[in-house]
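Participant: Handing you this structure, nothing more for now.
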Amino acid sequence: DFSADWNQSGTLDYQGLFRSLTQLTPGIPGRYQAQNAALALAAAESLEHVGITVDSDTLAQGVARAYWPGRMELIPGDPPLLLDGAHNAAGSAALAEALADYPCKRILLVTGVCLDKDIDQMYAPLIPLVERIYTVTPAVDRALKGEELSRFFNGMGVASRPCATVVDGIKRARSESVPGDMILVCGSLF
């Protein structure tokens, strides 16, 4: 009953329950934001069933002002740092697709996960895209040790080295980066 699609200008066009909106610019980057924006807009439109009307300008502003720290959040620098959750197979697939919008020479991945994650499925979309991986041990009881995660990646044919913390992983990735690289930080959300 509703949808949002990317148009040629790189903005979203929404066909909703009661109205259409064009040239929307989501505040959260990522190609998959079309589906998220459509769902949020349809939910807001559904409020009309209970007597609450949200005007079109407010809907457009809501999409534009959406912000979720750590969700496709680009931190400028040399190299730039891209933060995303990507803590399951669907999230990793969406992230892998979105990475096409971030041109770079190489992607250096800093990541850590919990023991209960299906790491084969979770990392399958990302492994072909990354040059090096820096594994970390999240500071939670159910964390998968960075050393074990590093062995997994090395076994998949991707150069990987364990680092103690996310900060250590980022520092190591920065020290081994060259101009044009990007550091991607993803994995379990904490």
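Chains: A, B, ... in order of the structure tokens. Residues: from 1 per chain. Ligands: from 1, in order shown.
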I'd like the neighbourhood of Tyr134 of chain A as a ChimeraX atom specification, where a residue qualifies if any of its atoms comes within 12 Å (using only C-alpha atoms), though same-chain residues fewer than 5 positions away should be ignored.
Facilitator: /A:107-112,146-154,158-176,183-187
Participant: Keeping N, CA and C atoms for every residue in the selection just given, could you write it to a file as a compact mmCIF listing (two decimals), in the first residue's frame?
Facilitator:
# COMPACT_ATOMS: atom_id res chain seq x y z
N ILE A 107 38.91 -1.16 2.06
CA ILE A 107 38.12 -1.09 3.29
C ILE A 107 38.86 -1.91 4.35
N LEU A 108 39.15 -1.26 5.46
CA LEU A 108 39.76 -1.92 6.60
C LEU A 108 38.66 -2.08 7.66
N LEU A 109 38.37 -3.31 8.03
CA LEU A 109 37.24 -3.61 8.91
C LEU A 109 37.70 -3.81 10.35
N VAL A 110 37.07 -3.10 11.27
CA VAL A 110 37.24 -3.32 12.71
C VAL A 110 35.93 -3.90 13.21
N THR A 111 35.98 -5.08 13.82
CA THR A 111 34.74 -5.75 14.18
C THR A 111 34.90 -6.66 15.40
N GLY A 112 33.80 -6.85 16.09
CA GLY A 112 33.70 -7.77 17.20
C GLY A 112 32.25 -8.20 17.36
N GLY A 146 38.35 -11.86 20.33
CA GLY A 146 38.91 -11.34 19.10
C GLY A 146 39.88 -12.31 18.44
N GLU A 147 40.62 -13.05 19.24
CA GLU A 147 41.57 -14.03 18.69
C GLU A 147 40.84 -15.12 17.91
N GLU A 148 39.72 -15.58 18.45
CA GLU A 148 38.94 -16.62 17.77
C GLU A 148 38.32 -16.10 16.48
N LEU A 149 37.80 -14.87 16.53
CA LEU A 149 37.22 -14.27 15.34
C LEU A 149 38.30 -14.05 14.27
N SER A 150 39.49 -13.67 14.69
CA SER A 150 40.59 -13.48 13.76
C SER A 150 40.96 -14.80 13.07
N ARG A 151 40.98 -15.88 13.81
CA ARG A 151 41.26 -17.20 13.21
C ARG A 151 40.20 -17.54 12.16
N PHE A 152 38.95 -17.22 12.45
CA PHE A 152 37.87 -17.46 11.48
C PHE A 152 38.16 -16.73 10.17
N PHE A 153 38.48 -15.44 10.26
CA PHE A 153 38.73 -14.66 9.04
C PHE A 153 39.97 -15.13 8.30
N ASN A 154 41.04 -15.43 9.04
CA ASN A 154 42.24 -15.95 8.39
C ASN A 154 41.94 -17.24 7.65
N VAL A 158 41.19 -14.03 4.50
CA VAL A 158 41.30 -12.57 4.65
C VAL A 158 42.28 -12.28 5.78
N ALA A 159 43.26 -11.43 5.50
CA ALA A 159 44.24 -11.07 6.52
C ALA A 159 43.54 -10.45 7.71
N SER A 160 43.78 -10.99 8.89
CA SER A 160 43.12 -10.53 10.10
C SER A 160 44.10 -10.56 11.25
N ARG A 161 43.95 -9.59 12.15
CA ARG A 161 44.76 -9.59 13.36
C ARG A 161 43.90 -9.18 14.54
N PRO A 162 44.06 -9.86 15.66
CA PRO A 162 43.30 -9.51 16.85
C PRO A 162 43.85 -8.25 17.50
N CYS A 163 42.94 -7.44 18.00
CA CYS A 163 43.26 -6.24 18.75
C CYS A 163 42.40 -6.29 20.02
N ALA A 164 42.86 -5.71 21.09
CA ALA A 164 42.14 -5.85 22.36
C ALA A 164 40.78 -5.16 22.34
N THR A 165 40.75 -3.88 21.98
CA THR A 165 39.52 -3.09 22.06
C THR A 165 39.22 -2.43 20.72
N VAL A 166 38.05 -1.85 20.61
CA VAL A 166 37.69 -1.12 19.40
C VAL A 166 38.69 0.01 19.16
N VAL A 167 39.04 0.73 20.20
CA VAL A 167 40.02 1.81 20.06
C VAL A 167 41.34 1.26 19.53
N ASP A 168 41.79 0.13 20.08
CA ASP A 168 43.03 -0.49 19.60
C ASP A 168 42.91 -0.89 18.13
N GLY A 169 41.76 -1.44 17.77
CA GLY A 169 41.53 -1.84 16.37
C GLY A 169 41.56 -0.65 15.43
N ILE A 170 40.93 0.44 15.82
CA ILE A 170 40.92 1.64 14.99
C ILE A 170 42.33 2.21 14.87
N LYS A 171 43.06 2.26 15.98
CA LYS A 171 44.44 2.77 15.94
C LYS A 171 45.30 1.92 15.01
N ARG A 172 45.18 0.61 15.09
CA ARG A 172 45.97 -0.29 14.24
C ARG A 172 45.59 -0.10 12.77
N ALA A 173 44.28 -0.01 12.50
CA ALA A 173 43.83 0.20 11.13
C ALA A 173 44.35 1.52 10.58
N ARG A 174 44.29 2.57 11.39
CA ARG A 174 44.81 3.88 10.96
C ARG A 174 46.30 3.81 10.66
N SER A 175 47.04 3.10 11.51
CA SER A 175 48.49 3.03 11.32
C SER A 175 48.86 2.26 10.06
N GLU A 176 47.98 1.38 9.60
CA GLU A 176 48.26 0.57 8.41
C GLU A 176 47.50 1.06 7.17
N ILE A 183 38.01 3.11 6.98
CA ILE A 183 37.88 2.15 8.08
C ILE A 183 36.38 1.98 8.35
N LEU A 184 35.97 0.73 8.34
CA LEU A 184 34.58 0.37 8.63
C LEU A 184 34.56 -0.32 9.99
N VAL A 185 33.70 0.20 10.88
CA VAL A 185 33.53 -0.42 12.20
C VAL A 185 32.11 -0.94 12.27
N CYS A 186 31.96 -2.26 12.45
CA CYS A 186 30.63 -2.84 12.56
C CYS A 186 30.70 -4.13 13.37
N GLY A 187 29.55 -4.68 13.68
CA GLY A 187 29.45 -5.90 14.47
C GLY A 187 28.34 -5.75 15.49
Participant: Which residues come within 10 Å of Arg71 of chain A, counting only C-alpha atoms, excluding same-chain residues fewer than 2 positions away, as a short mmCIF file (atom, residue, chain, number, x, y, z; two decimals) with N, CA and C atoms, in the first residue's frame?
Facilitator:
data_model
loop_
_atom_site.label_atom_id
_atom_site.label_comp_id
_atom_site.auth_asym_id
_atom_site.auth_seq_id
_atom_site.Cartn_x
_atom_site.Cartn_y
_atom_site.Cartn_z
N ILE A 28 19.57 9.62 7.47
CA ILE A 28 20.42 8.46 7.67
C ILE A 28 20.79 7.91 6.30
N PRO A 29 22.07 7.85 5.96
CA PRO A 29 22.48 7.34 4.65
C PRO A 29 22.22 5.85 4.52
N GLY A 30 22.30 5.38 3.31
CA GLY A 30 22.15 3.96 3.01
C GLY A 30 20.98 3.72 2.09
N TYR A 67 18.16 10.66 12.63
CA TYR A 67 19.56 10.47 12.99
C TYR A 67 19.65 9.31 13.96
N TRP A 68 20.55 8.40 13.69
CA TRP A 68 20.76 7.27 14.57
C TRP A 68 22.26 7.07 14.71
N PRO A 69 22.83 7.49 15.82
CA PRO A 69 24.28 7.36 15.98
C PRO A 69 24.75 5.93 15.74
N GLU A 73 27.06 6.05 10.01
CA GLU A 73 27.58 7.35 10.45
C GLU A 73 29.02 7.50 9.95
N LEU A 74 29.24 8.49 9.12
CA LEU A 74 30.56 8.74 8.56
C LEU A 74 31.28 9.79 9.39
N LEU A 82 33.65 4.79 8.99
CA LEU A 82 32.22 4.55 8.80
C LEU A 82 31.76 3.59 9.88
N LEU A 83 30.76 4.02 10.68
CA LEU A 83 30.22 3.21 11.76
C LEU A 83 28.86 2.66 11.36
N ASP A 84 28.65 1.37 11.59
CA ASP A 84 27.33 0.79 11.35
C ASP A 84 27.16 -0.42 12.26
N GLY A 85 25.92 -0.76 12.53
CA GLY A 85 25.63 -1.90 13.38
C GLY A 85 25.96 -3.20 12.66
N ALA A 86 25.24 -3.50 11.61
CA ALA A 86 25.44 -4.72 10.83
C ALA A 86 25.72 -5.92 11.73
N LEU A 95 24.48 -3.37 4.57
CA LEU A 95 25.72 -2.61 4.65
C LEU A 95 26.57 -2.84 3.41
N CYS A 186 31.96 -2.26 12.45
CA CYS A 186 30.63 -2.84 12.56
C CYS A 186 30.70 -4.13 13.37
#
Participant: Write out as a list of chain:residue names the residues lying within 10 Å of Asp141 of chain A, counting only C-alpha atoms and excluding same-chain residues fewer than 3 positions away.
Facilitator: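 Once the nearby chain positions are removed, what remains is A:Cys114, A:Leu115, A:Thr137, A:Pro138, A:Leu144.
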Participant: Given the selection you just returned, output its residues as a file containing all heavy atoms, formatted as a compact mmCIF listing (two decimals), in the first residue's frame.
Facilitator:
# COMPACT_ATOMS: atom_id res chain seq x y z
N CYS A 114 29.26 -11.11 19.49
CA CYS A 114 28.93 -12.00 20.61
C CYS A 114 28.98 -13.45 20.15
O CYS A 114 28.88 -13.75 18.95
CB CYS A 114 27.55 -11.67 21.15
SG CYS A 114 27.51 -10.11 22.03
N LEU A 115 29.12 -14.34 21.12
CA LEU A 115 29.21 -15.77 20.85
C LEU A 115 27.99 -16.32 20.11
O LEU A 115 28.11 -17.29 19.35
CB LEU A 115 29.35 -16.54 22.17
CG LEU A 115 30.68 -16.46 22.88
CD1 LEU A 115 30.55 -16.97 24.31
CD2 LEU A 115 31.71 -17.28 22.12
N THR A 137 37.46 -7.78 21.05
CA THR A 137 36.62 -8.51 22.00
C THR A 137 35.70 -7.50 22.68
O THR A 137 36.17 -6.66 23.44
CB THR A 137 37.48 -9.23 23.06
OG1 THR A 137 38.41 -10.10 22.40
CG2 THR A 137 36.59 -10.04 24.00
N PRO A 138 34.39 -7.55 22.38
CA PRO A 138 33.47 -6.63 23.05
C PRO A 138 33.53 -6.80 24.57
O PRO A 138 33.77 -7.90 25.07
CB PRO A 138 32.09 -7.03 22.50
CG PRO A 138 32.38 -7.70 21.19
CD PRO A 138 33.70 -8.40 21.40
N LEU A 144 32.55 -13.01 21.81
CA LEU A 144 33.46 -13.92 21.13
C LEU A 144 34.84 -13.27 21.19
O LEU A 144 34.98 -12.08 20.88
CB LEU A 144 33.03 -14.12 19.68
CG LEU A 144 33.92 -15.02 18.82
CD1 LEU A 144 33.90 -16.45 19.34
CD2 LEU A 144 33.45 -14.98 17.37
Participant: By how many Å are atom CA of Lys105 of chain A and atom CA of Gly180 of chain A apart?
Facilitator: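 For atom CA of Lys105 of chain A relative to atom CA of Gly180 of chain A, the distance reads 5.1 Å.
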Participant: Calculated over only C-alpha atoms, which of the candidates A:Ala90, A:Ala66, A:Leu17, A:Ile75 has the smallest distance to Leu47 of chain A?
Facilitator: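 With only C-alpha atoms as the atom set, the closest residue is A:Leu17.
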Participant: If you count only C-alpha atoms, which residues fall within 8 Å of Leu21 of chain A, apart from same-chain ones fewer than 4 positions away, as a PyMOL selection string?
Facilitator: chain A and resi 13-16+56+60
Participant: Could you jot down the atom CA of Val113 of chain A to atom CA of Glu97 of chain A separation for me, Å, one decimal place?
Facilitator: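 So the two atoms, atom CA of Val113 of chain A and atom CA of Glu97 of chain A, lie 20.7 Å apart.
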Participant: So that I can check the secondary structure, give me every residue of segment 60-173 of chain A assigned alpha helix (DSSP H) by backbone DSSP, as number ranges by chain.
Facilitator: A: 60-65, 89-98, 119-123, 146-155, 166-173
Participant: Mind checking which residues fall within 9 Å of Leu126 of chain A, counting only C-alpha atoms, ignoring those fewer than 4 positions away in the same chain, and posting them as number ranges by chain?
Facilitator: A: 92-93, 95-96, 122, 130
Participant: Let me see the file: selected residues, all heavy atoms, as a CSV table (one decimal), in the first residue's frame.
Facilitator:
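Final output, saved to part_38.csv:
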chain,number,residue,atom,x,y,z
A,92,SER,N,24.3,-7.0,7.6
A,92,SER,CA,25.5,-7.0,6.8
A,92,SER,C,25.3,-7.0,5.3
A,92,SER,O,26.0,-6.3,4.6
A,92,SER,CB,26.3,-8.3,7.1
A,92,SER,OG,26.8,-8.3,8.5
A,93,ALA,N,24.2,-7.6,4.8
A,93,ALA,CA,23.8,-7.5,3.4
A,93,ALA,C,23.5,-6.1,3.0
A,93,ALA,O,23.9,-5.6,2.0
A,93,ALA,CB,22.7,-8.5,3.1
A,95,LEU,N,24.5,-3.4,4.6
A,95,LEU,CA,25.7,-2.6,4.6
A,95,LEU,C,26.6,-2.8,3.4
A,95,LEU,O,27.1,-1.9,2.8
A,95,LEU,CB,26.5,-3.0,5.9
A,95,LEU,CG,27.9,-2.4,6.0
A,95,LEU,CD1,27.9,-0.8,6.0
A,95,LEU,CD2,28.6,-2.9,7.3
A,96,ALA,N,26.7,-4.1,3.0
A,96,ALA,CA,27.5,-4.4,1.8
A,96,ALA,C,27.0,-3.7,0.6
A,96,ALA,O,27.7,-3.1,-0.2
A,96,ALA,CB,27.5,-5.9,1.6
A,122,MET,N,26.7,-13.8,9.0
A,122,MET,CA,26.9,-12.4,9.3
A,122,MET,C,27.9,-11.7,8.4
A,122,MET,O,27.7,-10.6,7.9
A,122,MET,CB,27.2,-12.2,10.7
A,122,MET,CG,27.3,-10.8,11.2
A,122,MET,SD,27.5,-10.7,12.9
A,122,MET,CE,28.3,-9.1,13.1
A,130,VAL,N,36.4,-6.4,1.9
A,130,VAL,CA,37.4,-5.8,2.8
A,130,VAL,C,38.8,-6.3,2.5
A,130,VAL,O,39.0,-7.5,2.1
A,130,VAL,CB,37.0,-6.1,4.3
A,130,VAL,CG1,35.7,-5.5,4.6
A,130,VAL,CG2,37.1,-7.5,4.7
Participant: Between atom CA of Ala34 of chain A and atom CA of Glu48 of chain A, what is the spacing in Å?
Facilitator: 22.1 Å
Participant: Please determine, counting only C-alpha atoms, which residue among A:Arg65, A:Asp118, A:Asp78, A:Gly91 has the shortest atom-to-atom distance to Leu189 of chain A.
Facilitator: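 Of all the options, A:Gly91 lies closest to Leu189 of chain A.
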Participant: Need to verify the contact set: Ala40 of chain A, 10 Å, only C-alpha atoms, exclusion of same-chain residues closer than 6 positions in sequence. Can you return it as a list in words?
Facilitator: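 Near neighbours after the sequence-gap exclusion: Ser46, Leu59, Gly62 and Val63 of chain A.
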Participant: Go ahead and write the selection's residues with all heavy atoms as an mmCIF file, in the first residue's frame.
Facilitator:
data_model
loop_
_atom_site.group_PDB
_atom_site.id
_atom_site.type_symbol
_atom_site.label_atom_id
_atom_site.label_comp_id
_atom_site.auth_asym_id
_atom_site.auth_seq_id
_atom_site.Cartn_x
_atom_site.Cartn_y
_atom_site.Cartn_z
ATOM 1 N N SER A 46 -0.831 6.796 9.062
ATOM 2 C CA SER A 46 -1.857 5.966 9.709
ATOM 3 C C SER A 46 -2.468 6.649 10.919
ATOM 4 O O SER A 46 -3.580 6.296 11.335
ATOM 5 C CB SER A 46 -1.254 4.618 10.127
ATOM 6 O OG SER A 46 -0.897 3.882 8.992
ATOM 7 N N LEU A 59 6.313 15.652 7.599
ATOM 8 C CA LEU A 59 6.763 14.316 7.219
ATOM 9 C C LEU A 59 8.130 14.383 6.540
ATOM 10 O O LEU A 59 9.040 13.611 6.855
ATOM 11 C CB LEU A 59 5.745 13.643 6.293
ATOM 12 C CG LEU A 59 4.405 13.269 6.924
ATOM 13 C CD1 LEU A 59 3.444 12.768 5.851
ATOM 14 C CD2 LEU A 59 4.589 12.228 8.009
ATOM 15 N N GLY A 62 10.803 15.151 9.023
ATOM 16 C CA GLY A 62 11.093 13.984 9.866
ATOM 17 C C GLY A 62 12.062 13.034 9.190
ATOM 18 O O GLY A 62 12.992 12.529 9.830
ATOM 19 N N VAL A 63 11.865 12.803 7.908
ATOM 20 C CA VAL A 63 12.779 11.934 7.161
ATOM 21 C C VAL A 63 14.167 12.573 7.097
ATOM 22 O O VAL A 63 15.190 11.920 7.307
ATOM 23 C CB VAL A 63 12.233 11.652 5.741
ATOM 24 C CG1 VAL A 63 13.276 10.971 4.869
ATOM 25 C CG2 VAL A 63 10.970 10.806 5.816
#
Participant: Would you list the contacts of Ala38 of chain A as a count of residues only, taking every protein, DNA or RNA residue within 7 Å and counting only C-alpha atoms, but skipping same-chain residues closer than 5 positions in sequence?
Facilitator: 4
Participant: Given the choices A:Ala37, A:Met156, A:Val140, A:Leu12, which gets closest to Ser188 of chain A if the distance is worked out from only C-alpha atoms?
Facilitator: A:Val140
Participant: Give the answer as one residue: which of A:Gln61, A:Trp6, A:Thr53, A:Ala100 has the shortest atom-to-atom distance to Gln35 of chain A, using only C-alpha atoms?
Facilitator: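 Result for the nearest residue to Gln35 of chain A: A:Trp6.
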